[in-house]
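Notes follow once the structure below has been shown.
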Amino acid sequence: MFWEFQAPPRADEFSELIKKRLAEVKDSGGTRETVTVDWNNQALHVEVIDLTLDSLYFNPGTHRIRAQRSHDPVKDAGLKSDPWSAESQEYLQTLLQANPEKPSERDPEFDKLKESLRQFGQNDPGLVTHHGVLVNGNTRAAALIEAGERMMRVGVLPASFTWADINAVELSLQLRKDHRRDYSYINRLLAMEEQAGLGRTPEQIAKEFRIQVKTYRQERWILSTIHELIERSRVGGTALRLIDFEGDQEKLKELERLHGKIVLVEPDQAEVIKELRFAAILLDFAKTDVRHIDEHFIEADYLAKALPPSLVEAGTAGTADATEGGVTVPGLGAVVAGPPSPVAAARALTDQILRAKAVAGAKAGTDLAGADKQKAGAMFDDVRKAFDEAIDAAGRDARVRKRKQLAPARLADACAAIDQCVTDLVQARTSRSLDEEAFDDAVVLLRRSLSKLAQQAGRIQGEPGDGVSWLVEAVSGTRP
């Protein structure tokens, strides 16, 4: 979403002050410092001046904390209605100091930045509009204020710049490879969405963000999915927030890749896996645990064995699309509900988890009763225990399958190596570069290895197959 803001209070007064400072720098006759920004694929050099920190405004539209603004809905609403008020500016300053994934906690990286500024001073200038709104350097300004500094060096953008220009310049600066503090994951996604809303093509946006077009499409899929999950979690005025998904980057990327592969072959299975992986992500399982929710997880139906009946019934009750059509009762002409649709059932369960997490995590002051939060918390714990049991069972079975497949896989790798050896041998003979003694020694090692393999393969219970029979006979010398 792209926001336009009114000019801050005392905008004209500040604009006059900047003009005077720029004139003073120009008339001083000394070496003038400039900062270069990318503007319409051209280098724009703007003058740098010193301004007092108490005369600067934090940028309410900065991409750095776009997702984190939803941390406190009341303050976010105040920020939208009056971004220049003392309360709104204080909220922005708090978010700039906070951990992007947990805004209620302080970010250690912010403290490192503050200490660096305290010891070495400001290396690079920030960037402001001619009204004193920080375009680049919001976090540095917050750190300088906390470090007790009074002044900040800033470049001044032309007075003709619009908010669209300001947003474009901020992105170009923040996305440079040498930038020290990257946007959080969700804020990068929001910045891409904003650029798409301005009519830019996927190719242009991918180039700007220095990623491939397929990666850009993956990021848009993830953000649209997050928006959908937030809407599905809504209970009255309570819902999940963008920042609730801040730490799920790798899990969502793996899900997008897996879903893209399966949906072309088994669309229903792909949707069930997607919903159940959503559920596992919402339940805060680790990436290695979420990976166990795959085709085999669905086919073996691990979750149905672990999920309490109350949760199964609650997941499908009242869901209009939870059945695959009606069944007509012979002789009565009545139609009863058909068997539950796996996709609808999985979606209904995920919706339950979404709403439970939203309600359990709702801040004080909402219209939700304490009993509702307690009930949601209990349901969340129950379903997490069921998922934990199902994922643990799937993991144990996966390890067993891996052990079963390990020996055949090793032998397949050995066959591929031998096939390559045949090619290498032909080339060496043609060029007369073969070390015949070394090759003969290697064949002796192969014979020893095959003898060990035949000895163990011969102990396999039951009637041996053609392959094992050949191996035992070949190594024993009964066959040429």
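Identifiers in this document derive from the order of the structure tokens: chains are assigned A, B, ..., residues are numbered from 1 separately in each chain, and ligands are numbered from 1 in order of occurrence.
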I want to know what sits within 10 Å of region 116-130 of chain A, based on only C-alpha atoms, with residues of the same chain fewer than 4 positions away left out; could you give that as a count of residues only? 54
Which residues of region 66-142 of chain A come within 9 Å of region 4-9 of chain A, and for each one, what is the closest pair of atoms and their distance in Å to one decimal, counting only C-alpha atoms, sorted by chain and residue number, as a Markdown table?
| residue | atom | partner | partner_atom | distance |
| --- | --- | --- | --- | --- |
| A:Pro83 | CA | A:Phe5 | CA | 8.1 |
| A:Trp84 | CA | A:Pro8 | CA | 6.0 |
| A:His131 | CA | A:Ala7 | CA | 7.2 |
| A:Gly132 | CA | A:Pro8 | CA | 8.5 |
| A:Val133 | CA | A:Pro8 | CA | 8.1 |
Could you name the residues that touch region 230-239 of chain A at 12 Å or less, counting only C-alpha atoms, but leaving out those on the same chain fewer than 5 positions away, as a ChimeraX atom specification? /A:70-74,223-225,244-245,278-279,282,347-368,372-373,376
Grab the CA of Ala77 (chain A) to CA of Pro60 (chain A) distance for me, in Å with one decimal place. 12.0 Å
If you run DSSP on the backbone here, which positions in region 127-296 of chain A get alpha helix (DSSP H)? Please write them as an MDAnalysis selection string. chainID A and resid 138:146 163:174 185:197 202:208 213:232 249:262 267:282 287:290 295:296
Which of region 127-299 of chain A DSSP labels strand (DSSP E or B), written as a ChimeraX atom specification: /A:127-128,133-136,151-156,235,238
With all heavy atoms kept, could you save the residues just selected as a CSV table (one decimal), in the first residue's frame?
chain,number,residue,atom,x,y,z
A,127,LEU,N,19.3,11.4,4.9
A,127,LEU,CA,18.6,12.1,3.7
A,127,LEU,C,17.3,12.6,4.2
A,127,LEU,O,16.5,11.8,4.8
A,127,LEU,CB,18.5,11.1,2.6
A,127,LEU,CG,18.2,11.7,1.2
A,127,LEU,CD1,19.4,12.5,0.7
A,127,LEU,CD2,17.9,10.6,0.2
A,128,VAL,N,16.9,13.8,3.9
A,128,VAL,CA,15.7,14.4,4.3
A,128,VAL,C,15.0,15.1,3.2
A,128,VAL,O,15.6,15.5,2.2
A,128,VAL,CB,15.8,15.4,5.5
A,128,VAL,CG1,16.4,14.8,6.7
A,128,VAL,CG2,16.7,16.6,5.1
A,133,VAL,N,11.6,15.7,6.8
A,133,VAL,CA,11.2,14.3,7.0
A,133,VAL,C,12.3,13.4,6.6
A,133,VAL,O,12.8,13.5,5.4
A,133,VAL,CB,9.9,13.9,6.2
A,133,VAL,CG1,9.5,12.5,6.5
A,133,VAL,CG2,8.8,14.9,6.6
A,134,LEU,N,12.7,12.5,7.5
A,134,LEU,CA,13.8,11.6,7.2
A,134,LEU,C,13.4,10.6,6.1
A,134,LEU,O,12.5,9.9,6.3
A,134,LEU,CB,14.3,10.9,8.4
A,134,LEU,CG,15.1,11.8,9.4
A,134,LEU,CD1,15.1,11.2,10.8
A,134,LEU,CD2,16.6,11.9,8.9
A,135,VAL,N,14.2,10.5,5.1
A,135,VAL,CA,14.0,9.5,4.0
A,135,VAL,C,14.9,8.4,4.2
A,135,VAL,O,14.5,7.2,4.1
A,135,VAL,CB,14.2,10.2,2.6
A,135,VAL,CG1,14.0,9.1,1.5
A,135,VAL,CG2,13.3,11.3,2.4
A,136,ASN,N,16.1,8.6,4.5
A,136,ASN,CA,17.1,7.6,4.8
A,136,ASN,C,17.9,8.0,6.1
A,136,ASN,O,18.2,9.2,6.2
A,136,ASN,CB,18.1,7.4,3.7
A,136,ASN,CG,19.1,6.3,3.9
A,136,ASN,OD1,18.6,5.2,4.3
A,136,ASN,ND2,20.3,6.4,3.6
A,151,MET,N,23.1,16.9,16.8
A,151,MET,CA,23.1,17.2,15.4
A,151,MET,C,23.2,16.0,14.5
A,151,MET,O,23.7,14.9,15.0
A,151,MET,CB,24.2,18.2,15.0
A,151,MET,CG,24.3,19.4,15.8
A,151,MET,SD,22.9,20.6,15.6
A,151,MET,CE,23.2,21.1,13.9
A,152,MET,N,22.7,16.1,13.3
A,152,MET,CA,22.8,15.0,12.3
A,152,MET,C,23.1,15.6,10.9
A,152,MET,O,22.5,16.6,10.5
A,152,MET,CB,21.5,14.2,12.3
A,152,MET,CG,21.6,13.0,11.3
A,152,MET,SD,20.0,12.0,11.4
A,152,MET,CE,20.5,10.6,10.3
A,153,ARG,N,24.1,14.9,10.2
A,153,ARG,CA,24.4,15.3,8.9
A,153,ARG,C,23.4,14.7,7.9
A,153,ARG,O,23.2,13.5,7.9
A,153,ARG,CB,25.8,14.9,8.5
A,153,ARG,CG,26.9,15.7,9.2
A,153,ARG,CD,28.3,15.3,9.0
A,153,ARG,NE,28.5,14.6,7.8
A,153,ARG,CZ,28.8,13.3,7.8
A,153,ARG,NH1,28.8,12.6,8.9
A,153,ARG,NH2,29.1,12.6,6.7
A,154,VAL,N,22.8,15.5,7.1
A,154,VAL,CA,21.8,15.0,6.1
A,154,VAL,C,21.9,15.7,4.8
A,154,VAL,O,22.2,16.8,4.7
A,154,VAL,CB,20.3,15.2,6.7
A,154,VAL,CG1,20.1,14.4,7.9
A,154,VAL,CG2,20.1,16.7,7.0
A,155,GLY,N,21.6,14.9,3.7
A,155,GLY,CA,21.5,15.4,2.4
A,155,GLY,C,20.0,15.9,2.2
A,155,GLY,O,19.1,15.3,2.8
A,156,VAL,N,19.8,16.9,1.4
A,156,VAL,CA,18.5,17.5,1.3
A,156,VAL,C,18.0,17.2,-0.2
A,156,VAL,O,18.6,17.6,-1.1
A,156,VAL,CB,18.5,19.0,1.6
A,156,VAL,CG1,17.0,19.5,1.5
A,156,VAL,CG2,19.0,19.3,2.9
A,235,VAL,N,-11.5,-12.5,14.0
A,235,VAL,CA,-12.6,-12.8,15.0
A,235,VAL,C,-13.0,-11.4,15.5
A,235,VAL,O,-12.4,-10.8,16.4
A,235,VAL,CB,-12.2,-13.7,16.1
A,235,VAL,CG1,-13.3,-13.9,17.1
A,235,VAL,CG2,-11.6,-15.0,15.6
A,238,THR,N,-10.4,-8.6,16.0
A,238,THR,CA,-9.1,-9.2,16.3
A,238,THR,C,-8.6,-10.1,15.2
A,238,THR,O,-9.4,-10.9,14.6
A,238,THR,CB,-9.2,-10.1,17.6
A,238,THR,OG1,-9.6,-9.2,18.7
A,238,THR,CG2,-7.8,-10.7,17.9
Can you tell me which residues surround Glu101 (chain A) at a distance of at most 8 Å, considering only C-alpha atoms, apart from same-chain residues fewer than 2 positions away, and format the answer as a PyMOL selection string? chain A and resi 99+103+243-244+246-247
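Every protein or nucleic acid residue with an atom no more than 7 Å from Val213 (chain A), counting only C-alpha atoms and leaving out same-chain residues fewer than 3 positions away, appears here: Pro202, Glu203, Ala206, Tyr216 and Arg217 of chain A.
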Determine, counting only C-alpha atoms, which protein, DNA and RNA residues have an atom within 12 Å of an atom of Phe439 (chain A); residues of the same chain fewer than 6 positions away are not included. Present the result as a PyMOL selection string. chain A and resi 421-422+424-425+428-429+433+445-446
Export N, CA and C atoms of the chosen residues as a short mmCIF file (atom, residue, chain, number, x, y, z; two decimals), in the first residue's frame?
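See out_11.cif below for the written result:
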data_model
loop_
_atom_site.label_atom_id
_atom_site.label_comp_id
_atom_site.auth_asym_id
_atom_site.auth_seq_id
_atom_site.Cartn_x
_atom_site.Cartn_y
_atom_site.Cartn_z
N CYS A 421 33.60 -44.40 -15.17
CA CYS A 421 34.93 -45.01 -15.30
C CYS A 421 35.11 -45.64 -16.68
N VAL A 422 34.04 -46.23 -17.22
CA VAL A 422 34.11 -46.82 -18.57
C VAL A 422 34.48 -45.74 -19.59
N ASP A 424 35.99 -42.86 -19.00
CA ASP A 424 37.36 -42.41 -18.75
C ASP A 424 38.38 -43.42 -19.27
N LEU A 425 38.06 -44.71 -19.13
CA LEU A 425 38.98 -45.76 -19.58
C LEU A 425 39.14 -45.72 -21.10
N ALA A 428 41.29 -42.77 -21.99
CA ALA A 428 42.70 -42.98 -21.63
C ALA A 428 43.38 -43.93 -22.60
N ARG A 429 42.67 -44.99 -23.02
CA ARG A 429 43.25 -45.93 -24.00
C ARG A 429 43.48 -45.24 -25.33
N SER A 433 47.21 -42.87 -22.43
CA SER A 433 47.64 -42.25 -21.16
C SER A 433 47.23 -43.08 -19.96
N LEU A 445 40.82 -53.81 -5.76
CA LEU A 445 40.01 -53.24 -4.67
C LEU A 445 38.53 -53.43 -4.94
N LEU A 446 38.13 -53.30 -6.22
CA LEU A 446 36.73 -53.50 -6.58
C LEU A 446 36.31 -54.94 -6.29
#
Please list as a ChimeraX atom specification every residue within 12 Å of Ile262 (chain A), counting only C-alpha atoms and excluding residues in the same chain fewer than 4 positions away. /A:255-258,266-274,294-295
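Take CA of Asn167 (chain A) and CA of Lys80 (chain A): the distance between them is 16.9 Å.
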